[in-house]
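**Student:** Below is the file run-v7.cif, with mmCIF, C-alpha atoms, pLDDT in the B column; chains and numbers go by the auth columns.
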data_target
loop_
_atom_site.group_PDB
_atom_site.id
_atom_site.type_symbol
_atom_site.label_atom_id
_atom_site.label_comp_id
_atom_site.label_asym_id
_atom_site.label_seq_id
_atom_site.Cartn_x
_atom_site.Cartn_y
_atom_site.Cartn_z
_atom_site.B_iso_or_equiv
_atom_site.auth_seq_id
_atom_site.auth_asym_id
ATOM 1 C CA MET A 1 24.012 13.075 24.352 52.00 1 A
ATOM 2 C CA ARG A 2 21.370 11.293 22.250 60.00 2 A
ATOM 3 C CA THR A 3 22.812 8.617 19.962 66.00 3 A
ATOM 4 C CA ALA A 4 21.036 7.991 16.670 70.00 4 A
ATOM 5 C CA PRO A 5 19.889 4.379 16.203 77.00 5 A
ATOM 6 C CA VAL A 6 21.826 2.376 13.635 83.00 6 A
ATOM 7 C CA THR A 7 18.623 1.115 12.012 97.00 7 A
ATOM 8 C CA THR A 8 15.357 2.551 10.742 98.00 8 A
ATOM 9 C CA ALA A 9 13.533 -0.751 11.340 98.00 9 A
ATOM 10 C CA TYR A 10 11.394 -0.255 14.439 98.00 10 A
ATOM 11 C CA GLY A 11 11.385 -3.959 15.240 98.00 11 A
ATOM 12 C CA HIS A 12 15.183 -4.017 15.371 98.00 12 A
ATOM 13 C CA LEU A 13 15.384 -1.314 18.028 98.00 13 A
ATOM 14 C CA THR A 14 15.943 -2.037 21.696 97.00 14 A
ATOM 15 C CA TRP A 15 13.758 -0.448 24.334 97.00 15 A
ATOM 16 C CA GLU A 16 16.617 1.900 25.152 97.00 16 A
ATOM 17 C CA ASP A 17 16.827 2.910 21.484 97.00 17 A
ATOM 18 C CA VAL A 18 13.143 3.816 21.592 98.00 18 A
ATOM 19 C CA ARG A 19 13.545 5.699 24.856 97.00 19 A
ATOM 20 C CA ASP A 20 16.373 7.792 23.450 97.00 20 A
ATOM 21 C CA ALA A 21 15.110 8.210 19.881 97.00 21 A
ATOM 22 C CA ASP A 22 14.162 11.529 18.323 97.00 22 A
ATOM 23 C CA LYS A 23 10.402 11.531 18.790 98.00 23 A
ATOM 24 C CA ASP A 24 9.926 13.855 15.827 98.00 24 A
ATOM 25 C CA ARG A 25 10.885 11.067 13.456 98.00 25 A
ATOM 26 C CA VAL A 26 7.981 9.985 11.271 98.00 26 A
ATOM 27 C CA VAL A 27 6.921 6.457 12.176 98.00 27 A
ATOM 28 C CA ILE A 28 5.635 4.680 9.062 98.00 28 A
ATOM 29 C CA LEU A 29 3.123 1.863 9.501 98.00 29 A
ATOM 30 C CA ASN A 30 2.288 -0.045 6.331 98.00 30 A
ATOM 31 C CA VAL A 31 -1.194 -1.598 6.365 98.00 31 A
ATOM 32 C CA SER A 32 -1.833 -3.944 3.465 98.00 32 A
ATOM 33 C CA ALA A 33 -3.720 -7.160 2.732 97.00 33 A
ATOM 34 C CA THR A 34 -3.255 -10.859 2.073 97.00 34 A
ATOM 35 C CA GLU A 35 -5.331 -11.585 -0.994 96.00 35 A
ATOM 36 C CA ASP A 36 -5.498 -12.868 -4.559 94.00 36 A
ATOM 37 C CA HIS A 37 -3.732 -10.922 -7.271 94.00 37 A
ATOM 38 C CA GLY A 38 -4.790 -12.978 -10.231 93.00 38 A
ATOM 39 C CA PRO A 39 -3.168 -16.295 -11.111 93.00 39 A
ATOM 40 C CA HIS A 40 0.113 -14.543 -11.894 96.00 40 A
ATOM 41 C CA MET A 41 1.029 -12.760 -8.632 96.00 41 A
ATOM 42 C CA PRO A 42 1.389 -13.802 -4.963 97.00 42 A
ATOM 43 C CA LEU A 43 -0.977 -13.220 -2.067 97.00 43 A
ATOM 44 C CA ASP A 44 1.573 -10.942 -0.383 98.00 44 A
ATOM 45 C CA THR A 45 1.682 -8.417 -3.234 97.00 45 A
ATOM 46 C CA ASP A 46 0.260 -5.499 -1.247 97.00 46 A
ATOM 47 C CA THR A 47 2.616 -6.091 1.678 98.00 47 A
ATOM 48 C CA VAL A 48 5.722 -6.512 -0.467 98.00 48 A
ATOM 49 C CA LEU A 49 5.031 -3.347 -2.449 97.00 49 A
ATOM 50 C CA GLY A 50 3.974 -1.258 0.540 98.00 50 A
ATOM 51 C CA MET A 51 7.041 -2.212 2.539 98.00 51 A
ATOM 52 C CA ALA A 52 9.294 -1.564 -0.453 98.00 52 A
ATOM 53 C CA VAL A 53 7.955 1.982 -0.602 97.00 53 A
ATOM 54 C CA ALA A 54 8.337 2.496 3.159 98.00 54 A
ATOM 55 C CA GLU A 55 11.856 1.094 3.172 98.00 55 A
ATOM 56 C CA GLY A 56 12.734 3.220 0.159 97.00 56 A
ATOM 57 C CA VAL A 57 11.736 6.296 2.130 97.00 57 A
ATOM 58 C CA ALA A 58 13.838 5.115 5.057 98.00 58 A
ATOM 59 C CA LYS A 59 16.842 4.614 2.794 97.00 59 A
ATOM 60 C CA ALA A 60 16.458 8.124 1.388 97.00 60 A
ATOM 61 C CA ALA A 61 15.933 9.762 4.802 97.00 61 A
ATOM 62 C CA PRO A 62 17.462 7.418 7.424 97.00 62 A
ATOM 63 C CA GLU A 63 17.572 10.033 10.168 97.00 63 A
ATOM 64 C CA GLU A 64 13.958 11.103 9.746 98.00 64 A
ATOM 65 C CA VAL A 65 11.842 7.938 9.860 98.00 65 A
ATOM 66 C CA PHE A 66 11.264 4.585 11.500 98.00 66 A
ATOM 67 C CA VAL A 67 9.497 1.784 9.640 98.00 67 A
ATOM 68 C CA MET A 68 7.185 -0.421 11.672 98.00 68 A
ATOM 69 C CA PRO A 69 6.629 -4.125 10.971 98.00 69 A
ATOM 70 C CA PRO A 70 3.655 -4.265 8.573 98.00 70 A
ATOM 71 C CA VAL A 71 0.049 -5.108 9.277 98.00 71 A
ATOM 72 C CA PRO A 72 -0.375 -7.656 6.451 98.00 72 A
ATOM 73 C CA TYR A 73 -4.158 -8.029 6.705 98.00 73 A
ATOM 74 C CA GLY A 74 -6.878 -5.612 5.693 98.00 74 A
ATOM 75 C CA PHE A 75 -10.475 -4.913 4.774 97.00 75 A
ATOM 76 C CA ASN A 76 -11.071 -7.185 1.773 94.00 76 A
ATOM 77 C CA GLU A 77 -14.005 -9.464 2.477 94.00 77 A
ATOM 78 C CA HIS A 78 -15.169 -8.880 -1.100 91.00 78 A
ATOM 79 C CA HIS A 79 -12.243 -11.109 -2.156 91.00 79 A
ATOM 80 C CA LYS A 80 -13.117 -14.026 0.102 92.00 80 A
ATOM 81 C CA ASP A 81 -14.385 -16.374 -2.619 92.00 81 A
ATOM 82 C CA PHE A 82 -10.779 -17.027 -3.678 93.00 82 A
ATOM 83 C CA PRO A 83 -8.690 -19.413 -1.535 95.00 83 A
ATOM 84 C CA GLY A 84 -6.005 -17.792 0.563 97.00 84 A
ATOM 85 C CA VAL A 85 -7.677 -14.475 1.297 96.00 85 A
ATOM 86 C CA ILE A 86 -7.564 -13.289 4.915 97.00 86 A
ATOM 87 C CA TRP A 87 -10.047 -10.515 5.723 97.00 87 A
ATOM 88 C CA ILE A 88 -10.506 -8.261 8.715 98.00 88 A
ATOM 89 C CA GLN A 89 -13.715 -6.441 9.585 97.00 89 A
ATOM 90 C CA PRO A 90 -13.296 -2.647 9.303 97.00 90 A
ATOM 91 C CA GLU A 91 -14.244 -2.027 12.938 98.00 91 A
ATOM 92 C CA THR A 92 -11.596 -4.522 14.058 98.00 92 A
ATOM 93 C CA LEU A 93 -8.958 -3.002 11.791 98.00 93 A
ATOM 94 C CA ILE A 94 -9.691 0.534 12.965 98.00 94 A
ATOM 95 C CA ALA A 95 -9.397 -0.547 16.604 98.00 95 A
ATOM 96 C CA PHE A 96 -6.223 -2.560 15.991 98.00 96 A
ATOM 97 C CA VAL A 97 -4.417 0.172 14.062 98.00 97 A
ATOM 98 C CA THR A 98 -5.506 2.800 16.566 98.00 98 A
ATOM 99 C CA ASP A 99 -4.091 0.702 19.399 98.00 99 A
ATOM 100 C CA ILE A 100 -0.763 0.674 17.562 98.00 100 A
ATOM 101 C CA THR A 101 -0.753 4.428 17.022 98.00 101 A
ATOM 102 C CA LYS A 102 -1.786 5.107 20.619 98.00 102 A
ATOM 103 C CA SER A 103 1.059 2.880 21.788 98.00 103 A
ATOM 104 C CA LEU A 104 3.504 4.906 19.702 98.00 104 A
ATOM 105 C CA ALA A 105 2.067 8.122 21.091 98.00 105 A
ATOM 106 C CA HIS A 106 2.441 6.765 24.629 98.00 106 A
ATOM 107 C CA HIS A 107 6.151 6.225 23.930 98.00 107 A
ATOM 108 C CA GLY A 108 6.466 9.848 22.864 98.00 108 A
ATOM 109 C CA PHE A 109 6.318 9.704 19.073 98.00 109 A
ATOM 110 C CA ARG A 110 4.556 12.717 17.602 98.00 110 A
ATOM 111 C CA ARG A 111 4.342 11.943 13.877 98.00 111 A
ATOM 112 C CA ILE A 112 2.825 8.837 12.303 98.00 112 A
ATOM 113 C CA LEU A 113 2.121 7.929 8.691 98.00 113 A
ATOM 114 C CA LEU A 114 -0.356 5.139 8.006 98.00 114 A
ATOM 115 C CA LEU A 115 0.909 4.013 4.605 98.00 115 A
ATOM 116 C CA ASN A 116 -1.838 2.137 2.824 97.00 116 A
ATOM 117 C CA SER A 117 -1.074 -0.419 0.119 97.00 117 A
ATOM 118 C CA HIS A 118 -4.535 -1.968 -0.350 96.00 118 A
ATOM 119 C CA GLY A 119 -7.335 0.035 -1.935 91.00 119 A
ATOM 120 C CA SER A 120 -10.215 -0.815 0.383 93.00 120 A
ATOM 121 C CA ASN A 121 -8.163 0.077 3.459 97.00 121 A
ATOM 122 C CA HIS A 122 -8.188 3.733 2.485 95.00 122 A
ATOM 123 C CA PRO A 123 -11.365 4.869 4.332 95.00 123 A
ATOM 124 C CA VAL A 124 -10.553 2.594 7.264 97.00 124 A
ATOM 125 C CA LEU A 125 -7.120 4.092 7.781 98.00 125 A
ATOM 126 C CA ASP A 126 -8.469 7.592 7.337 98.00 126 A
ATOM 127 C CA LEU A 127 -10.757 6.957 10.314 98.00 127 A
ATOM 128 C CA ALA A 128 -7.916 5.381 12.326 98.00 128 A
ATOM 129 C CA ALA A 129 -5.759 8.446 11.698 98.00 129 A
ATOM 130 C CA ARG A 130 -8.569 10.792 12.738 98.00 130 A
ATOM 131 C CA LYS A 131 -9.213 8.791 15.917 98.00 131 A
ATOM 132 C CA THR A 132 -5.517 8.908 16.734 98.00 132 A
ATOM 133 C CA VAL A 133 -5.372 12.678 16.398 98.00 133 A
ATOM 134 C CA ILE A 134 -8.501 13.161 18.501 98.00 134 A
ATOM 135 C CA GLU A 135 -7.437 10.775 21.256 98.00 135 A
ATOM 136 C CA THR A 136 -3.725 11.614 21.482 98.00 136 A
ATOM 137 C CA GLY A 137 -3.184 15.063 20.003 98.00 137 A
ATOM 138 C CA ILE A 138 -0.263 13.914 17.839 98.00 138 A
ATOM 139 C CA ILE A 139 0.023 14.219 14.061 98.00 139 A
ATOM 140 C CA CYS A 140 -1.245 11.103 12.286 98.00 140 A
ATOM 141 C CA VAL A 141 -2.057 10.978 8.581 98.00 141 A
ATOM 142 C CA SER A 142 -3.019 8.220 6.167 98.00 142 A
ATOM 143 C CA ALA A 143 -2.121 7.922 2.500 97.00 143 A
ATOM 144 C CA SER A 144 -2.343 5.295 -0.219 95.00 144 A
ATOM 145 C CA TYR A 145 1.109 5.204 -1.758 94.00 145 A
ATOM 146 C CA TRP A 146 -0.070 5.253 -5.395 92.00 146 A
ATOM 147 C CA ASN A 147 -1.881 8.536 -4.783 91.00 147 A
ATOM 148 C CA LEU A 148 1.426 10.157 -3.834 91.00 148 A
ATOM 149 C CA MET A 149 3.028 9.692 -7.247 87.00 149 A
ATOM 150 C CA SER A 150 0.309 9.023 -9.819 87.00 150 A
ATOM 151 C CA ALA A 151 1.465 11.887 -12.044 89.00 151 A
ATOM 152 C CA ARG A 152 4.965 10.448 -12.212 89.00 152 A
ATOM 153 C CA ILE A 153 3.621 7.009 -13.054 89.00 153 A
ATOM 154 C CA ASN A 154 1.397 8.380 -15.811 89.00 154 A
ATOM 155 C CA GLU A 155 4.471 9.878 -17.452 90.00 155 A
ATOM 156 C CA ILE A 156 5.936 6.424 -18.152 89.00 156 A
ATOM 157 C CA ARG A 157 2.970 4.047 -18.221 90.00 157 A
ATOM 158 C CA LYS A 158 2.645 1.680 -21.169 89.00 158 A
ATOM 159 C CA SER A 159 -1.010 0.700 -20.741 88.00 159 A
ATOM 160 C CA GLU A 160 -4.155 2.566 -21.636 87.00 160 A
ATOM 161 C CA ILE A 161 -6.377 4.021 -18.909 83.00 161 A
ATOM 162 C CA GLY A 162 -7.651 1.103 -16.846 82.00 162 A
ATOM 163 C CA GLY A 163 -4.443 -0.869 -17.265 88.00 163 A
ATOM 164 C CA ILE A 164 -3.116 0.229 -13.875 86.00 164 A
ATOM 165 C CA ALA A 165 -5.598 -1.489 -11.607 84.00 165 A
ATOM 166 C CA HIS A 166 -5.609 -4.626 -9.467 87.00 166 A
ATOM 167 C CA ALA A 167 -2.565 -6.796 -10.314 90.00 167 A
ATOM 168 C CA GLY A 168 -2.147 -4.725 -13.472 90.00 168 A
ATOM 169 C CA GLU A 169 0.800 -2.947 -15.071 91.00 169 A
ATOM 170 C CA PHE A 170 1.895 -0.955 -12.034 90.00 170 A
ATOM 171 C CA GLU A 171 1.820 -3.697 -9.403 93.00 171 A
ATOM 172 C CA ALA A 172 3.247 -6.274 -11.798 93.00 172 A
ATOM 173 C CA ALA A 173 6.146 -4.006 -12.770 93.00 173 A
ATOM 174 C CA MET A 174 7.014 -3.176 -9.166 94.00 174 A
ATOM 175 C CA TYR A 175 6.824 -6.773 -7.979 96.00 175 A
ATOM 176 C CA MET A 176 8.853 -8.027 -10.950 95.00 176 A
ATOM 177 C CA HIS A 177 11.540 -5.478 -10.155 95.00 177 A
ATOM 178 C CA LEU A 178 11.758 -6.795 -6.592 96.00 178 A
ATOM 179 C CA HIS A 179 11.150 -10.528 -7.089 97.00 179 A
ATOM 180 C CA PRO A 180 10.841 -11.459 -10.769 96.00 180 A
ATOM 181 C CA GLU A 181 10.857 -15.156 -9.963 97.00 181 A
ATOM 182 C CA ARG A 182 7.512 -14.906 -8.151 97.00 182 A
ATOM 183 C CA VAL A 183 5.521 -13.365 -11.022 96.00 183 A
ATOM 184 C CA VAL A 184 4.258 -15.535 -13.885 95.00 184 A
ATOM 185 C CA LEU A 185 2.857 -13.153 -16.482 93.00 185 A
ATOM 186 C CA GLU A 186 2.060 -16.039 -18.806 93.00 186 A
ATOM 187 C CA LYS A 187 -0.870 -16.846 -16.509 93.00 187 A
ATOM 188 C CA SER A 188 -2.326 -13.347 -16.719 90.00 188 A
ATOM 189 C CA THR A 189 -4.929 -11.966 -19.101 87.00 189 A
ATOM 190 C CA THR A 190 -5.954 -8.469 -20.132 85.00 190 A
ATOM 191 C CA GLN A 191 -9.122 -7.406 -18.326 84.00 191 A
ATOM 192 C CA ASN A 192 -9.623 -3.676 -18.656 84.00 192 A
ATOM 193 C CA LEU A 193 -12.900 -2.736 -16.996 78.00 193 A
ATOM 194 C CA HIS A 194 -12.458 1.026 -17.135 79.00 194 A
ATOM 195 C CA ASN A 195 -15.331 2.851 -18.803 79.00 195 A
ATOM 196 C CA ALA A 196 -13.932 5.963 -20.458 76.00 196 A
ATOM 197 C CA ASP A 197 -17.435 7.380 -20.836 78.00 197 A
ATOM 198 C CA SER A 198 -18.124 7.308 -17.091 76.00 198 A
ATOM 199 C CA LYS A 199 -18.089 10.627 -15.272 74.00 199 A
ATOM 200 C CA PHE A 200 -17.958 8.989 -11.859 72.00 200 A
ATOM 201 C CA PHE A 201 -16.141 5.666 -11.574 70.00 201 A
ATOM 202 C CA ASN A 202 -12.377 5.318 -11.422 68.00 202 A
ATOM 203 C CA LEU A 203 -10.871 1.935 -12.221 75.00 203 A
ATOM 204 C CA ASP A 204 -7.275 3.098 -12.653 82.00 204 A
ATOM 205 C CA LEU A 205 -4.911 3.476 -9.705 83.00 205 A
ATOM 206 C CA ALA A 206 -2.955 6.250 -11.414 84.00 206 A
ATOM 207 C CA GLY A 207 -5.899 8.564 -10.964 68.00 207 A
ATOM 208 C CA ALA A 208 -7.452 8.819 -14.414 54.00 208 A
ATOM 209 C CA GLY A 209 -11.221 8.622 -14.664 50.00 209 A
ATOM 210 C CA GLY A 210 -13.938 9.723 -12.261 50.00 210 A
ATOM 211 C CA GLY A 211 -13.726 10.249 -8.550 52.00 211 A
ATOM 212 C CA SER A 212 -15.594 7.173 -7.334 51.00 212 A
ATOM 213 C CA ASP A 213 -14.310 3.631 -6.910 53.00 213 A
ATOM 214 C CA ALA A 214 -16.613 0.784 -7.911 51.00 214 A
ATOM 215 C CA TYR A 215 -14.037 -1.921 -7.354 50.00 215 A
ATOM 216 C CA ALA A 216 -15.712 -3.548 -4.363 47.00 216 A
ATOM 217 C CA LEU A 217 -18.931 -3.769 -6.351 46.00 217 A
ATOM 218 C CA VAL A 218 -17.490 -5.517 -9.389 47.00 218 A
ATOM 219 C CA VAL A 219 -14.631 -7.662 -8.084 50.00 219 A
ATOM 220 C CA ARG A 220 -16.647 -10.818 -7.581 49.00 220 A
ATOM 221 C CA GLY A 221 -17.556 -10.941 -11.243 50.00 221 A
ATOM 222 C CA ILE A 222 -13.988 -10.711 -12.533 52.00 222 A
ATOM 223 C CA PRO A 223 -12.477 -13.991 -13.789 53.00 223 A
ATOM 224 C CA GLY A 224 -9.100 -14.644 -12.185 52.00 224 A
ATOM 225 C CA ARG A 225 -9.609 -11.762 -9.745 52.00 225 A
ATOM 226 C CA HIS A 226 -7.488 -9.135 -11.460 53.00 226 A
ATOM 227 C CA HIS A 227 -8.078 -6.294 -13.859 52.00 227 A
ATOM 228 C CA GLY A 228 -5.758 -4.091 -15.848 54.00 228 A
ATOM 229 C CA ARG A 229 -2.801 -4.817 -18.126 55.00 229 A
ATOM 230 C CA PRO A 230 -0.248 -6.880 -16.176 60.00 230 A
ATOM 231 C CA ASP A 231 1.468 -7.764 -19.438 61.00 231 A
ATOM 232 C CA ARG A 232 2.651 -4.153 -19.722 56.00 232 A
ATOM 233 C CA GLY A 233 4.632 -4.634 -16.527 55.00 233 A
ATOM 234 C CA GLN A 234 7.059 -6.827 -18.430 56.00 234 A
ATOM 235 C CA SER A 235 8.777 -3.886 -20.090 54.00 235 A
ATOM 236 C CA ARG A 236 12.333 -2.846 -19.365 50.00 236 A
ATOM 237 C CA ASP A 237 10.916 0.217 -17.617 59.00 237 A
ATOM 238 C CA ARG A 238 9.855 -1.723 -14.512 53.00 238 A
ATOM 239 C CA GLN A 239 12.871 -0.420 -12.565 58.00 239 A
ATOM 240 C CA LYS A 240 11.840 3.112 -13.535 56.00 240 A
ATOM 241 C CA VAL A 241 8.293 2.385 -12.363 52.00 241 A
ATOM 242 C CA PHE A 242 9.639 1.135 -9.039 52.00 242 A
ATOM 243 C CA ARG A 243 11.812 4.183 -8.528 60.00 243 A
ATOM 244 C CA ARG A 244 8.899 6.506 -9.202 55.00 244 A
ATOM 245 C CA GLY A 245 7.022 4.692 -6.483 55.00 245 A
ATOM 246 C CA HIS A 246 9.441 6.073 -3.911 56.00 246 A
#
Now that the file is in, can you turn its structure into structure tokens?
**Tutor:**
Amino acid sequence: MRTAPVTTAYGHLTWEDVRDADKDRVVILNVSATEDHGPHMPLDTDTVLGMAVAEGVAKAAPEEVFVMPPVPYGFNEHHKDFPGVIWIQPETLIAFVTDITKSLAHHGFRRILLLNSHGSNHPVLDLAARKTVIETGIICVSASYWNLMSARINEIRKSEIGGIAHAGEFEAAMYMHLHPERVVLEKSTTQNLHNADSKFFNLDLAGAGGGSDAYALVVRGIPGRHHGRPDRGQSRDRQKVFRRGH
């Protein structure tokens, strides 16, 4: 009789656990980035938030998912002028992630979620998911976590449109809920670059605005390398924001 593993953390399994595991579990792989998030937030912001979402899913459905160790580097060469940024070429990232998914498929897993937590990874992971499906025949999908619950976030946001962007209200609130000692909002400034008159460009992670993303084109000209309203993340609602991210 198959025995359910006592953990949802893939890295904590033994090889026998993997052999005997229910292969219809969804294996979640968070792919993030190591990059600047203004002077007020750490380089690991995308990884911390992405893994918090993945682990929240695992806590809610412990018999239905496994959570892989994260890939903490992504496609973010447009950030490289700031010290600390580690960037991966998109071709390399596609190949690397696809090798991971093909390994999982080889071990019998049939359902994989590539959970993105860095904006510019989105098209890269979409291609990795498509390659996985074509080459293995399993189900593999990619999704940026903020796109899964933008309506719920908009219900409680404090900032105007454009305030939920890079290191803005949303990311600041979530990170402060998890590790308030690592966020120094006093170092942040308000830099709302959203153009409400634009029919095309979207500079708000909660989905307001047009359908195109100009972030990679404008990031180098942003002082402090953040935009949005991080100060709004200081509200007492940050736990509510975090919960709506699950």
**Student:** Interatomic distance between atom CA of A:Val85 and atom CA of A:Ser120?
**Tutor:**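 So the answer is 13.9 Å.
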**Student:** Which one of A:Thr8, A:Ile161, A:Leu29, A:Met176 sits closest to A:Ala196 if you count all atoms listed in the file?
**Tutor:**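 Ranking A:Thr8, A:Ile161, A:Leu29, A:Met176 by distance to A:Ala196, first place goes to A:Ile161.
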**Student:** Counting only C-alpha atoms, give me one row per residue of stretch 132-203 of chain A with an atom at most 9 Å from an atom of stretch 33-37 of chain A, showing the shortest contact pair and its distance in Å to one decimal, sorted by chain then residue number, as JSON lines.
**Tutor:**
{"residue": "A:His166", "atom": "CA", "partner": "A:His37", "partner_atom": "CA", "distance": 6.9}
{"residue": "A:Ala167", "atom": "CA", "partner": "A:His37", "partner_atom": "CA", "distance": 5.3}
{"residue": "A:Gly168", "atom": "CA", "partner": "A:His37", "partner_atom": "CA", "distance": 8.9}
**Student:** Can you work out the spacing between atom CA of A:Asn121 and atom CA of A:Lys80 in Å, to one decimal?
**Tutor:**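 Straight-line distance from atom CA of A:Asn121 to atom CA of A:Lys80 works out to 15.3 Å.
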**Student:** Extract, using only C-alpha atoms, all DNA, RNA and protein residues at most 9 Å from stretch 123-130 of chain A, discarding same-chain residues fewer than 3 positions from it, and format them as a ChimeraX atom specification.
**Tutor:** /A:31,75,90-91,93-98,101,112-116,119-120,133-135,139-143
**Student:** Counting all atoms listed in the file, write as a PyMOL selection string all protein and nucleic acid residues lying at most 12 Å from (13.4, 4.5, 5.3) in the file's frame.
**Tutor:** chain A and resi 7-10+25-29+51-68+246
**Student:** Quick one: pull the distance between atom CA of A:Gln191 and atom CA of A:Val71, Å, one decimal.
**Tutor:** 29.2 Å
**Student:** Please complete stretch 183-196 of chain A so it has N, CA and C atoms, and hand it over as a compact mmCIF listing (two decimals), keeping the file's coordinate frame.
**Tutor:**
# COMPACT_ATOMS: atom_id res chain seq x y z
N VAL A 183 6.59 -13.84 -10.13
CA VAL A 183 5.52 -13.36 -11.02
C VAL A 183 5.53 -14.18 -12.31
N VAL A 184 4.37 -14.71 -12.67
CA VAL A 184 4.26 -15.54 -13.88
C VAL A 184 3.26 -14.85 -14.81
N LEU A 185 3.75 -13.93 -15.63
CA LEU A 185 2.86 -13.15 -16.48
C LEU A 185 2.13 -14.01 -17.51
N GLU A 186 2.71 -15.17 -17.83
CA GLU A 186 2.06 -16.04 -18.81
C GLU A 186 0.68 -16.49 -18.34
N LYS A 187 0.43 -16.45 -17.04
CA LYS A 187 -0.87 -16.85 -16.51
C LYS A 187 -1.88 -15.70 -16.50
N SER A 188 -1.44 -14.51 -16.80
CA SER A 188 -2.33 -13.35 -16.72
C SER A 188 -3.09 -13.15 -18.03
N THR A 189 -4.16 -12.37 -17.93
CA THR A 189 -4.93 -11.97 -19.10
C THR A 189 -5.23 -10.48 -19.00
N THR A 190 -5.57 -9.87 -20.13
CA THR A 190 -5.95 -8.47 -20.13
C THR A 190 -7.43 -8.36 -19.80
N GLN A 191 -7.74 -7.62 -18.74
CA GLN A 191 -9.12 -7.41 -18.33
C GLN A 191 -9.29 -5.95 -17.92
N ASN A 192 -9.49 -5.10 -18.90
CA ASN A 192 -9.62 -3.68 -18.66
C ASN A 192 -11.10 -3.34 -18.50
N LEU A 193 -11.50 -3.01 -17.29
CA LEU A 193 -12.90 -2.74 -17.00
C LEU A 193 -13.22 -1.25 -16.93
N HIS A 194 -12.22 -0.41 -17.22
CA HIS A 194 -12.46 1.03 -17.14
C HIS A 194 -13.41 1.49 -18.24
N ASN A 195 -14.37 2.28 -17.86
CA ASN A 195 -15.33 2.85 -18.80
C ASN A 195 -14.97 4.31 -19.03
N ALA A 196 -14.40 4.60 -20.18
CA ALA A 196 -13.93 5.96 -20.46
C ALA A 196 -15.07 6.96 -20.53
